[in-house]
file protein_17.csv (CSV, C-alpha atoms)
chain,number,residue,atom,x,y,z
F,1,MET,CA,47.7,-4.0,-11.8
F,2,THR,CA,50.5,-6.0,-13.4
F,3,PRO,CA,48.9,-8.7,-15.5
F,4,VAL,CA,49.8,-12.4,-15.0
F,5,TYR,CA,50.5,-14.1,-18.3
F,6,LYS,CA,49.7,-17.6,-19.2
F,7,LEU,CA,53.0,-19.0,-20.5
F,8,SER,CA,53.1,-20.5,-23.9
F,9,ALA,CA,55.8,-21.2,-26.4
F,10,SER,CA,55.1,-18.0,-28.3
F,11,SER,CA,54.6,-15.6,-25.3
F,12,VAL,CA,57.6,-16.3,-23.0
F,13,THR,CA,59.9,-13.9,-24.8
F,14,GLY,CA,60.0,-10.4,-23.3
F,15,ARG,CA,58.0,-11.3,-20.2
F,16,THR,CA,59.1,-10.6,-16.7
F,17,ASN,CA,59.2,-13.7,-14.6
F,18,TYR,CA,58.0,-13.7,-11.1
F,19,GLY,CA,58.5,-16.3,-8.4
F,20,SER,CA,55.1,-15.5,-7.0
F,21,MET,CA,51.6,-15.4,-8.3
F,22,LEU,CA,51.4,-11.9,-7.0
F,23,ALA,CA,53.4,-11.0,-10.1
F,24,GLY,CA,55.0,-7.9,-8.4
F,25,ASN,CA,51.7,-6.7,-6.9
F,26,PRO,CA,51.4,-6.1,-3.1
F,27,ALA,CA,49.8,-8.8,-1.2
F,28,PHE,CA,46.1,-8.3,-0.4
F,29,VAL,CA,45.8,-8.1,3.4
F,30,PRO,CA,42.2,-8.6,4.6
F,31,THR,CA,41.5,-6.3,7.4
F,32,ASP,CA,39.8,-7.6,10.5
F,33,PHE,CA,39.5,-4.2,12.1
F,34,GLU,CA,37.3,-1.9,10.1
F,35,SER,CA,36.1,1.6,10.4
F,36,ILE,CA,32.3,1.8,10.4
F,37,ALA,CA,31.6,5.5,11.1
F,38,THR,CA,33.1,8.6,12.7
F,39,VAL,CA,31.6,11.7,14.2
F,40,THR,CA,33.6,14.9,14.7
F,41,VAL,CA,31.8,17.7,16.5
F,42,GLY,CA,32.0,21.1,14.8
F,43,SER,CA,31.7,24.7,16.0
F,44,GLY,CA,29.1,25.3,18.7
F,45,GLY,CA,29.2,21.7,19.9
F,46,THR,CA,26.4,19.2,19.7
F,47,GLY,CA,23.8,17.3,21.6
F,48,ASN,CA,23.8,13.5,21.9
F,49,ILE,CA,25.6,11.6,19.2
F,50,THR,CA,24.1,8.4,17.7
F,51,PHE,CA,25.5,5.7,15.6
F,52,SER,CA,22.6,3.9,13.9
F,53,SER,CA,22.1,1.0,11.5
F,54,ILE,CA,25.1,-0.8,12.9
F,55,PRO,CA,25.5,-4.0,10.8
F,56,SER,CA,25.8,-7.3,12.6
F,57,THR,CA,28.7,-8.5,10.5
F,58,TYR,CA,31.3,-8.1,13.1
F,59,THR,CA,32.1,-9.9,16.4
F,60,HIS,CA,33.0,-6.9,18.5
F,61,LEU,CA,32.8,-3.2,18.3
F,62,GLN,CA,35.3,-0.6,19.5
F,63,ILE,CA,34.8,3.1,20.0
F,64,ARG,CA,37.9,5.3,20.2
F,65,ALA,CA,37.4,8.9,21.2
F,66,ILE,CA,38.5,12.1,22.5
F,67,CYS,CA,35.7,14.0,24.1
F,68,LYS,CA,34.6,16.7,26.4
F,69,SER,CA,31.1,17.6,27.8
F,70,ASN,CA,29.5,20.8,26.6
F,71,GLN,CA,28.4,21.5,30.2
F,72,THR,CA,30.0,24.8,31.4
F,73,GLY,CA,31.4,25.2,34.9
F,74,THR,CA,33.3,27.8,36.7
F,75,SER,CA,36.3,26.0,37.9
F,76,GLY,CA,36.3,22.7,36.0
F,77,GLU,CA,34.6,19.5,36.9
F,78,PHE,CA,34.3,16.1,35.3
F,79,GLU,CA,31.2,14.5,33.9
F,80,GLY,CA,30.2,11.1,33.0
F,81,LEU,CA,30.2,9.7,29.5
F,82,ALA,CA,27.1,7.7,29.1
F,83,LEU,CA,25.5,5.5,26.4
F,84,ARG,CA,22.3,3.8,25.5
F,85,PHE,CA,21.7,0.9,23.1
F,86,ASN,CA,18.8,0.6,20.7
F,87,SER,CA,17.0,3.6,22.2
F,88,ASP,CA,16.3,1.6,25.3
F,89,THR,CA,15.3,4.1,28.1
F,90,ASN,CA,14.3,1.5,30.6
F,91,SER,CA,16.3,0.6,33.8
F,92,ASN,CA,18.3,-2.0,32.1
F,93,TYR,CA,21.8,-0.7,32.6
F,94,ALA,CA,24.5,-1.3,35.3
F,95,HIS,CA,28.1,-0.4,35.7
F,96,HIS,CA,31.2,-0.7,37.9
F,97,PHE,CA,34.4,1.3,38.0
F,98,ILE,CA,37.7,1.6,39.6
F,99,ARG,CA,39.2,5.1,39.5
F,100,GLY,CA,42.6,6.7,40.3
F,101,SER,CA,42.1,10.3,41.3
F,102,GLY,CA,45.8,11.1,41.6
F,103,ALA,CA,45.5,10.8,45.4
F,104,ALA,CA,43.5,7.6,46.0
F,105,ALA,CA,42.0,4.5,44.3
F,106,THR,CA,38.3,4.4,44.6
F,107,ALA,CA,35.5,2.1,43.3
F,108,GLY,CA,31.8,2.4,42.7
F,109,SER,CA,28.9,0.9,40.9
F,110,SER,CA,25.3,1.6,40.0
F,111,ALA,CA,22.5,-0.8,38.9
F,112,SER,CA,19.1,-0.5,37.2
F,113,GLN,CA,19.9,2.7,35.5
F,114,ALA,CA,18.2,4.2,32.4
F,115,PHE,CA,21.6,4.6,30.7
F,116,MET,CA,25.1,3.2,31.1
F,117,SER,CA,27.7,5.5,32.8
F,118,ILE,CA,30.8,4.2,31.3
F,119,GLY,CA,33.5,6.9,31.5
F,120,LEU,CA,34.8,10.2,32.7
F,121,GLN,CA,35.4,13.4,30.8
F,122,PRO,CA,36.1,17.0,31.6
F,123,ASP,CA,33.5,19.7,31.1
F,124,THR,CA,34.2,23.1,29.5
F,125,GLY,CA,35.0,24.8,32.7
F,126,TYR,CA,38.7,24.1,32.6
F,127,SER,CA,39.3,27.5,31.1
F,128,SER,CA,43.1,27.5,31.6
F,129,VAL,CA,43.4,24.1,29.8
F,130,SER,CA,40.6,24.5,27.3
F,131,GLN,CA,42.4,22.3,24.8
F,132,MET,CA,42.3,19.3,27.2
F,133,PHE,CA,40.1,16.4,26.2
F,134,SER,CA,39.5,13.0,27.7
F,135,ALA,CA,40.5,9.8,25.8
F,136,GLN,CA,38.3,6.8,25.7
F,137,ILE,CA,38.7,3.2,24.3
F,138,LEU,CA,35.5,1.3,24.6
F,139,ASP,CA,35.0,-2.4,23.7
F,140,ILE,CA,31.5,-3.7,23.2
F,141,LEU,CA,31.8,-7.5,23.1
F,142,ASP,CA,29.6,-9.9,21.2
F,143,TYR,CA,27.3,-7.0,20.4
F,144,ALA,CA,25.2,-8.9,17.8
F,145,ASN,CA,24.7,-12.1,19.9
F,146,THR,CA,21.0,-12.6,20.6
F,147,ASN,CA,21.4,-15.2,23.4
F,148,LYS,CA,23.0,-13.1,26.1
F,149,TYR,CA,23.2,-9.7,27.7
F,150,LYS,CA,25.8,-7.2,26.4
F,151,THR,CA,28.9,-6.2,28.3
F,152,VAL,CA,31.2,-3.2,27.8
F,153,ARG,CA,34.6,-2.2,29.1
F,154,ASN,CA,36.3,1.2,28.9
F,155,LEU,CA,39.8,2.5,29.5
F,156,ASN,CA,39.3,6.2,29.9
F,157,GLY,CA,40.7,9.3,31.6
F,158,PHE,CA,42.0,12.8,31.4
F,159,ASP,CA,44.6,14.9,33.1
F,160,SER,CA,44.6,18.7,33.6
F,161,ASN,CA,48.1,19.2,34.9
F,162,ASN,CA,46.6,19.7,38.3
F,163,THR,CA,44.4,22.6,37.2
F,164,GLY,CA,40.7,22.9,38.1
F,165,THR,CA,38.5,21.3,40.8
F,166,ASN,CA,38.7,17.7,39.8
F,167,VAL,CA,42.0,17.7,38.2
F,168,GLY,CA,41.9,14.4,36.3
F,169,ALA,CA,41.4,10.7,36.7
F,170,LEU,CA,42.2,7.4,35.2
F,171,GLN,CA,39.3,5.0,35.2
F,172,LEU,CA,38.6,1.3,34.3
F,173,SER,CA,34.9,0.9,33.7
F,174,SER,CA,32.6,-2.0,32.9
F,175,GLY,CA,29.0,-1.9,31.9
F,176,LEU,CA,26.0,-4.2,31.4
F,177,TRP,CA,23.0,-3.9,29.2
F,178,MET,CA,20.4,-6.4,30.3
F,179,SER,CA,19.0,-7.2,26.8
F,180,THR,CA,19.6,-10.1,24.4
F,181,SER,CA,18.8,-7.9,21.4
F,182,ALA,CA,21.6,-7.4,18.9
F,183,ILE,CA,22.9,-3.8,19.2
F,184,THR,CA,22.0,-1.8,16.2
F,185,SER,CA,22.4,1.7,17.5
F,186,ILE,CA,24.5,3.5,20.1
F,187,GLU,CA,23.6,6.9,21.6
F,188,LEU,CA,26.3,8.7,23.5
F,189,SER,CA,25.7,11.6,25.9
F,190,SER,CA,27.2,13.5,28.8
F,191,GLY,CA,26.0,14.3,32.3
F,192,GLY,CA,23.8,12.7,35.0
F,193,SER,CA,20.6,13.0,33.1
F,194,PHE,CA,21.7,11.8,29.6
F,195,ASN,CA,20.9,15.3,28.2
F,196,ARG,CA,24.2,17.0,27.7
F,197,GLY,CA,26.2,16.8,24.5
F,198,PHE,CA,29.8,17.4,23.6
F,199,THR,CA,32.0,20.4,22.8
F,200,GLN,CA,33.7,21.2,19.5
F,201,TYR,CA,36.6,18.9,18.4
F,202,THR,CA,35.1,15.9,20.2
F,203,GLN,CA,35.5,12.8,18.0
F,204,PHE,CA,33.9,9.4,18.3
F,205,ALA,CA,35.1,6.7,15.8
F,206,LEU,CA,33.3,3.4,15.7
F,207,TYR,CA,35.1,0.3,14.5
F,208,GLY,CA,34.1,-3.3,13.9
F,209,ILE,CA,36.3,-6.3,14.8
F,210,LYS,CA,35.7,-9.5,12.9
F,211,GLY,CA,36.0,-13.0,14.3
F,212,ALA,CA,37.3,-16.0,12.5
I,9,MET,CA,38.9,-2.7,1.6
I,10,ALA,CA,41.3,-0.2,3.1
I,11,ILE,CA,43.5,-1.3,5.9
I,12,THR,CA,42.4,0.3,9.1
I,13,TYR,CA,44.9,-1.0,11.6
I,14,GLU,CA,48.4,-1.5,10.4
I,15,PRO,CA,52.0,-1.5,11.7
I,16,ILE,CA,54.1,1.6,11.1
I,17,ALA,CA,57.5,0.6,12.5
I,18,THR,CA,59.3,-1.6,14.9
I,19,GLU,CA,62.6,-1.1,16.7
I,20,THR,CA,64.4,-3.9,18.4
I,21,VAL,CA,67.2,-3.1,20.8
I,22,VAL,CA,70.5,-4.7,19.8
I,23,GLY,CA,73.5,-4.7,22.2
I,24,SER,CA,73.6,-3.3,25.6
I,25,SER,CA,74.0,0.4,25.2
I,26,THR,CA,70.7,1.7,23.9
I,27,ASN,CA,68.8,4.1,26.1
I,28,SER,CA,66.6,5.9,23.5
I,29,VAL,CA,64.5,4.9,20.6
I,30,SER,CA,63.0,7.5,18.3
I,31,PHE,CA,60.3,7.3,15.6
I,32,THR,CA,60.4,10.4,13.4
I,33,GLY,CA,58.5,11.6,10.4
I,34,ILE,CA,55.2,10.1,11.6
I,35,SER,CA,52.6,11.0,9.0
I,36,GLY,CA,49.2,12.4,9.8
I,37,ALA,CA,47.6,9.6,7.8
I,38,TYR,CA,46.0,7.9,10.7
I,39,THR,CA,43.5,8.9,13.4
I,40,ASP,CA,45.2,7.2,16.4
I,41,ILE,CA,48.6,5.8,17.2
I,42,VAL,CA,49.0,2.6,19.3
I,43,PHE,CA,52.4,1.8,20.8
I,44,VAL,CA,53.4,-1.6,22.1
I,45,CYS,CA,56.6,-1.9,24.2
I,46,GLU,CA,58.1,-5.1,25.6
I,47,ILE,CA,61.1,-4.1,27.5
I,48,VAL,CA,63.8,-5.2,29.9
I,49,ALA,CA,66.1,-2.5,31.5
I,50,SER,CA,69.6,-2.9,32.9
I,51,GLY,CA,68.4,-1.8,36.3
I,52,ASP,CA,65.3,-0.7,38.3
I,53,VAL,CA,64.5,2.2,36.0
I,54,SER,CA,61.6,3.9,34.3
I,55,THR,CA,60.9,3.9,30.6
I,56,ARG,CA,59.4,7.2,29.4
I,57,ILE,CA,57.9,8.8,26.4
I,58,ARG,CA,57.9,12.3,24.9
I,59,PHE,CA,56.8,13.9,21.7
I,60,ASN,CA,58.3,16.1,19.0
I,61,SER,CA,61.6,16.4,20.9
I,62,ASP,CA,59.8,18.6,23.5
I,63,THR,CA,61.9,18.4,26.7
I,64,GLY,CA,60.0,21.2,28.4
I,65,SER,CA,57.8,20.7,31.5
I,66,ASN,CA,54.7,20.2,29.4
I,67,TYR,CA,53.7,16.7,30.5
I,68,SER,CA,51.5,15.4,33.3
I,69,GLN,CA,50.0,12.1,34.3
I,70,THR,CA,47.5,10.4,36.6
I,71,ASP,CA,47.7,6.6,37.3
I,72,LEU,CA,46.1,3.7,39.0
I,73,ARG,CA,48.0,0.7,40.1
I,74,GLY,CA,47.9,-2.4,42.2
I,75,ASN,CA,51.0,-4.1,43.7
I,76,GLY,CA,49.4,-7.3,45.0
I,77,SER,CA,48.4,-5.9,48.4
I,78,SER,CA,46.9,-2.4,47.7
I,79,ALA,CA,45.5,-0.1,45.0
I,80,THR,CA,47.0,3.4,44.8
I,81,SER,CA,46.8,6.4,42.6
I,82,THR,CA,49.4,9.1,42.0
I,83,ARG,CA,49.7,12.3,39.9
I,84,THR,CA,52.7,14.0,38.4
I,85,SER,CA,52.4,17.5,37.0
I,86,SER,CA,54.6,19.8,34.9
I,87,ALA,CA,57.1,17.0,34.1
I,88,ALA,CA,59.4,16.6,31.2
I,89,GLN,CA,58.0,13.3,30.1
I,90,ILE,CA,55.2,10.7,30.7
I,91,SER,CA,56.3,7.6,32.5
I,92,LEU,CA,55.4,4.3,30.9
I,93,GLY,CA,56.5,1.9,33.6
I,94,VAL,CA,59.3,0.7,35.8
I,95,GLY,CA,61.2,-2.5,35.1
I,96,THR,CA,64.2,-4.2,36.6
I,97,ALA,CA,67.0,-6.2,35.1
I,98,THR,CA,65.2,-9.4,35.7
I,99,ASN,CA,61.5,-8.4,35.3
I,100,GLN,CA,60.1,-7.5,31.9
I,101,THR,CA,57.7,-4.6,31.5
I,102,ASN,CA,55.0,-4.4,28.9
I,103,VAL,CA,53.2,-1.3,27.9
I,104,ILE,CA,50.3,-0.8,25.4
I,105,GLY,CA,49.3,2.8,24.9
I,106,SER,CA,47.1,4.8,22.6
I,107,ILE,CA,47.4,8.4,21.4
I,108,ASN,CA,44.0,9.3,20.2
I,109,ASN,CA,43.7,12.1,17.6
I,110,TYR,CA,47.5,12.5,17.6
I,111,SER,CA,47.6,14.6,14.5
I,112,ASN,CA,45.0,17.3,15.1
I,113,ALA,CA,46.5,20.7,15.6
I,114,THR,CA,43.8,22.0,17.9
I,115,THR,CA,43.7,19.9,21.1
I,116,TYR,CA,46.3,18.9,23.7
I,117,LYS,CA,47.2,15.3,23.3
I,118,THR,CA,46.0,12.7,25.8
I,119,VAL,CA,47.6,9.3,26.1
I,120,LEU,CA,46.0,6.2,27.6
I,121,LEU,CA,48.1,3.3,28.5
I,122,ARG,CA,48.2,0.0,30.4
I,123,PHE,CA,51.5,-1.0,32.0
I,124,ASN,CA,52.5,-4.3,33.6
I,125,ASN,CA,55.5,-5.5,35.5
I,126,PRO,CA,54.1,-8.9,36.2
I,127,ALA,CA,56.5,-9.6,39.0
I,128,GLU,CA,55.6,-6.4,40.8
I,129,PHE,CA,52.5,-4.6,39.7
I,130,THR,CA,49.8,-3.8,37.1
I,131,GLY,CA,48.4,-0.4,36.3
I,132,ALA,CA,46.9,2.1,33.9
I,133,ARG,CA,47.7,5.7,33.3
I,134,VAL,CA,46.4,8.8,31.5
I,135,GLY,CA,49.0,11.4,30.3
I,136,LEU,CA,48.7,14.8,28.9
I,137,TRP,CA,51.0,16.7,26.6
I,138,ARG,CA,50.1,20.3,26.7
I,139,ASN,CA,50.8,21.1,23.1
I,140,THR,CA,48.4,21.4,20.1
I,141,ASN,CA,51.0,20.4,17.5
I,142,ALA,CA,50.4,17.3,15.5
I,143,ILE,CA,52.7,14.5,16.9
I,144,THR,CA,55.3,13.7,14.3
I,145,GLY,CA,58.0,12.3,16.5
I,146,ILE,CA,57.9,9.8,19.5
I,147,GLU,CA,60.9,9.1,21.6
I,148,PHE,CA,61.1,6.3,24.1
I,149,PHE,CA,63.9,6.7,26.6
I,150,VAL,CA,65.0,5.3,29.9
I,151,SER,CA,65.6,7.3,33.1
I,152,ALA,CA,69.1,5.7,33.7
I,153,GLY,CA,71.1,2.9,32.3
I,154,ASN,CA,70.1,1.1,29.2
I,155,TRP,CA,67.6,-1.5,27.8
I,156,VAL,CA,68.6,-5.1,27.4
I,157,ALA,CA,68.9,-6.5,23.9
I,158,GLY,CA,65.7,-7.8,22.5
I,159,SER,CA,63.5,-5.1,24.0
I,160,THR,CA,61.0,-4.0,21.3
I,161,PHE,CA,59.0,-0.9,20.5
I,162,THR,CA,56.3,-1.0,17.8
I,163,LEU,CA,53.9,1.7,16.5
I,164,TYR,CA,50.6,1.0,14.8
I,165,GLY,CA,48.3,3.4,13.1
I,166,ILE,CA,44.5,3.2,13.2
I,167,LYS,CA,42.6,5.0,10.5
I,168,ALA,CA,39.0,6.1,10.9
I,169,ALA,CA,36.6,6.5,8.0
call {"tool": "encode", "arguments": {"input": "protein_17.csv", "output": "structure tokens"}}
result
Amino acid sequence: MTPVYKLSASSVTGRTNYGSMLAGNPAFVPTDFESIATVTVGSGGTGNITFSSIPSTYTHLQIRAICKSNQTGTSGEFEGLALRFNSDTNSNYAHHFIRGSGAAATAGSSASQAFMSIGLQPDTGYSSVSQMFSAQILDILDYANTNKYKTVRNLNGFDSNNTGTNVGALQLSSGLWMSTSAITSIELSSGGSFNRGFTQYTQFALYGIKGA
Amino acid sequence: MAITYEPIATETVVGSSTNSVSFTGISGAYTDIVFVCEIVASGDVSTRIRFNSDTGSNYSQTDLRGNGSSATSTRTSSAAQISLGVGTATNQTNVIGSINNYSNATTYKTVLLRFNNPAEFTGARVGLWRNTNAITGIEFFVSAGNWVAGSTFTLYGIKAA
């Protein structure tokens, strides 16, 4: 770091003068969007993925991901991306979605579930497009607030170039967790029973967004 | 504290003869790329995106849109680009998209985007580039005609821990 000198009659000679107190240093830019933790799935895949001990120092959380279920299929299907907060296995979750299948726009919902279905992803049955993954951008709003239930939104989808049984979809999803507890852990899973994990190269990155 | 979300580059259209904007030499220093486009075209044309100068039929997309009276979904396969949105000479289009894990050399690249032409429709789209190469170049181009001066294209990088 370039030092900043206190000017005096004996020290001004040979000094570089700056018009800014930065004295030639780059400005410090505080970041309001911080990386908290990242999980990248290695060879052989994995089961459920959990982010734990999430600090309450942010206002919102965002999860950015590419993911694929480790469920095998013969011709390719899609599976749900699901999550649970704070290990709550009770029927405290609900969701809505609007989906574009490539042929039609459809909508659906579910209430009083034991986990939150919040996205779509391919399974490993798309053998001809095995390198295809879904993308997900989830926002978990006011996650540390202890006065209200927690809401989630997700922009997600995948496209297989018209290969497979369910050849892709774009989905807008919303979810509700009926708890006023601050979220301190997030468990991610695949499938209809919250018991399937993810295939190799899946990556979930958790970020914190600060408020003023 | 390391900066996690930062601008990489911005291009602003000057004059009336620009039909392509390219960002090259994109480093692999980030995890995701976010692009933000605020554009006006000279006619009723589509703004598109492609990667690493690949003009082959290696792109596909599925979308969902609402035009004020109905919601529809369409798919395009084996195309030479991913469409971002259609604008007119009088209606601006904005697009915010994300390319997650753009620099891995193992998976095909999936693009998520939201597009809006506030006078005509709103929608979202998922696109696929069937290539495992790291994305080092992004080209925005228009299907015909040009963009109007003042149209902007900005890239941001997001860096995971």
call {"tool": "interface_residues", "arguments": {"input": "protein_17.csv", "of": "chain I", "to": "chain F", "cutoff": "7 Å", "atoms": "only C-alpha atoms", "output": "list in words"}}
result
Ile11, Thr12, Tyr13, Ser68, Gln69, Thr70, Asp71, Leu72, Ala79, Thr80, Ser81, Thr82, Arg83, Ser85, Ser86, Asn108, Thr115, Tyr116, Thr118, Leu120, Arg133, Val134, Gly135, Leu136, Ala168 and Ala169 of chain I
call {"tool": "closest_residue", "arguments": {"input": "protein_17.csv", "among": "F:Lys68, F:Arg196, F:Arg84, F:Arg153", "to": "F:Leu141", "atoms": "only C-alpha atoms"}}
result
F:Arg153
call {"tool": "closest_residue", "arguments": {"input": "protein_17.csv", "among": "F:Cys67, F:Val41, F:Ala182, F:Leu120", "to": "F:Ala144", "atoms": "only C-alpha atoms"}}
result
F:Ala182
call {"tool": "residues_around", "arguments": {"input": "protein_17.csv", "residues": "stretch 59-67 of chain I", "least_positions_apart": "2", "cutoff": "9 Å", "atoms": "all atoms listed in the file", "output": "JSON, numbers by chain"}}
result
{"F": [161], "I": [32, 57, 69, 84, 85, 86, 87, 88, 89, 90, 135, 136, 137, 138, 139, 141, 142, 143, 144, 145, 146, 147]}
call {"tool": "residues_around", "arguments": {"input": "protein_17.csv", "residues": "I:Gly51", "least_positions_apart": "5", "cutoff": "9 Å", "atoms": "all atoms listed in the file", "output": "list in words"}}
result
Gly95, Thr96, Ala97, Thr98, Ala152, Gly153, Asn154 and Trp155 of chain I
call {"tool": "closest_residue", "arguments": {"input": "protein_17.csv", "among": "I:Thr20, I:Ser30, I:Asn99, I:Ser77", "to": "I:Asn125", "atoms": "all atoms listed in the file"}}
result
I:Asn99
call {"tool": "residues_around", "arguments": {"input": "protein_17.csv", "residues": "F:Gln200", "least_positions_apart": "2", "cutoff": "8 Å", "atoms": "all atoms listed in the file", "output": "PyMOL selection string"}}
result
chain F and resi 40-46+198+202
call {"tool": "residues_around", "arguments": {"input": "protein_17.csv", "residues": "F:Glu79", "least_positions_apart": "3", "cutoff": "7 Å", "atoms": "only C-alpha atoms", "output": "list in words"}}
result
Ser69, Leu120, Gln121, Pro122, Asp123, Ser190 and Gly191 of chain F
call {"tool": "residues_around", "arguments": {"input": "protein_17.csv", "residues": "stretch 91-95 of chain F", "least_positions_apart": "4", "cutoff": "8 Å", "atoms": "all atoms listed in the file", "output": "ChimeraX atom specification"}}
result
/F:109-118,173-179
call {"tool": "atom_distance", "arguments": {"input": "protein_17.csv", "atom1": "atom CA of I:Thr55", "atom2": "atom CA of I:Asn124"}}
result
12.1 Å
call {"tool": "closest_residue", "arguments": {"input": "protein_17.csv", "among": "F:Thr89, F:Asn145, F:Asn17, F:Thr59", "to": "F:Phe194", "atoms": "only C-alpha atoms"}}
result
F:Thr89
call {"tool": "atom_distance", "arguments": {"input": "protein_17.csv", "atom1": "atom CA of I:Val156", "atom2": "atom CA of I:Phe129"}}
result
20.3 Å
call {"tool": "atom_distance", "arguments": {"input": "protein_17.csv", "atom1": "atom CA of I:Ser78", "atom2": "atom CA of I:Ala132"}}
result
14.5 Å
call {"tool": "closest_residue", "arguments": {"input": "protein_17.csv", "among": "I:Val21, I:Ile47, I:Ile16, I:Val150", "to": "I:Gly33", "atoms": "all atoms listed in the file"}}
result
I:Ile16
call {"tool": "closest_residue", "arguments": {"input": "protein_17.csv", "among": "F:Pro55, F:Gly208, F:Gly108, F:Gly192", "to": "F:Asp139", "atoms": "all atoms listed in the file"}}
result
F:Gly208
call {"tool": "decode", "arguments": {"input": "protein_17.csv", "residues": "stretch 97-117 of chain F", "atoms": "N, CA and C atoms", "output": "tab-separated table (two decimals), in the first residue's frame"}}
result
chain	number	residue	atom	x	y	z
F	97	PHE	N	-46.33	-22.64	-9.26
F	97	PHE	CA	-45.44	-22.47	-10.41
F	97	PHE	C	-46.24	-22.13	-11.65
F	98	ILE	N	-45.57	-21.48	-12.59
F	98	ILE	CA	-46.06	-21.35	-13.95
F	98	ILE	C	-44.94	-21.84	-14.85
F	99	ARG	N	-45.29	-22.69	-15.79
F	99	ARG	CA	-44.27	-23.43	-16.56
F	99	ARG	C	-44.55	-23.33	-18.05
F	100	GLY	N	-43.49	-23.14	-18.80
F	100	GLY	CA	-43.57	-23.24	-20.25
F	100	GLY	C	-42.92	-24.52	-20.70
F	101	SER	N	-43.69	-25.38	-21.33
F	101	SER	CA	-43.18	-26.70	-21.72
F	101	SER	C	-42.61	-26.71	-23.13
F	102	GLY	N	-42.73	-25.60	-23.81
F	102	GLY	CA	-42.36	-25.56	-25.21
F	102	GLY	C	-43.58	-25.68	-26.11
F	103	ALA	N	-44.67	-26.18	-25.54
F	103	ALA	CA	-45.92	-26.32	-26.30
F	103	ALA	C	-47.06	-25.56	-25.65
F	104	ALA	N	-47.01	-25.41	-24.33
F	104	ALA	CA	-48.11	-24.77	-23.62
F	104	ALA	C	-47.60	-24.16	-22.32
F	105	ALA	N	-48.37	-23.23	-21.82
F	105	ALA	CA	-48.11	-22.65	-20.51
F	105	ALA	C	-49.07	-23.31	-19.52
F	106	THR	N	-48.53	-23.84	-18.45
F	106	THR	CA	-49.34	-24.49	-17.44
F	106	THR	C	-48.99	-23.94	-16.07
F	107	ALA	N	-49.86	-24.20	-15.11
F	107	ALA	CA	-49.62	-23.73	-13.76
F	107	ALA	C	-50.06	-24.79	-12.77
F	108	GLY	N	-49.48	-24.78	-11.60
F	108	GLY	CA	-49.85	-25.74	-10.57
F	108	GLY	C	-49.44	-25.25	-9.20
F	109	SER	N	-49.84	-26.00	-8.21
F	109	SER	CA	-49.51	-25.64	-6.84
F	109	SER	C	-49.64	-26.85	-5.94
F	110	SER	N	-49.11	-26.73	-4.75
F	110	SER	CA	-49.25	-27.77	-3.75
F	110	SER	C	-49.11	-27.11	-2.39
F	111	ALA	N	-49.87	-27.62	-1.42
F	111	ALA	CA	-49.84	-27.05	-0.07
F	111	ALA	C	-49.62	-28.13	0.96
F	112	SER	N	-49.22	-27.70	2.15
F	112	SER	CA	-49.03	-28.60	3.29
F	112	SER	C	-48.12	-29.77	2.95
F	113	GLN	N	-46.99	-29.43	2.37
F	113	GLN	CA	-46.01	-30.46	2.00
F	113	GLN	C	-44.87	-30.51	3.02
F	114	ALA	N	-44.17	-31.64	3.01
F	114	ALA	CA	-43.05	-31.83	3.94
F	114	ALA	C	-41.74	-31.27	3.41
F	115	PHE	N	-41.77	-30.72	2.21
F	115	PHE	CA	-40.63	-30.02	1.63
F	115	PHE	C	-41.16	-29.09	0.55
F	116	MET	N	-40.35	-28.19	0.11
F	116	MET	CA	-40.76	-27.20	-0.88
F	116	MET	C	-40.25	-27.61	-2.26
F	117	SER	N	-41.17	-27.94	-3.16
F	117	SER	CA	-40.79	-28.19	-4.55
F	117	SER	C	-40.64	-26.84	-5.24
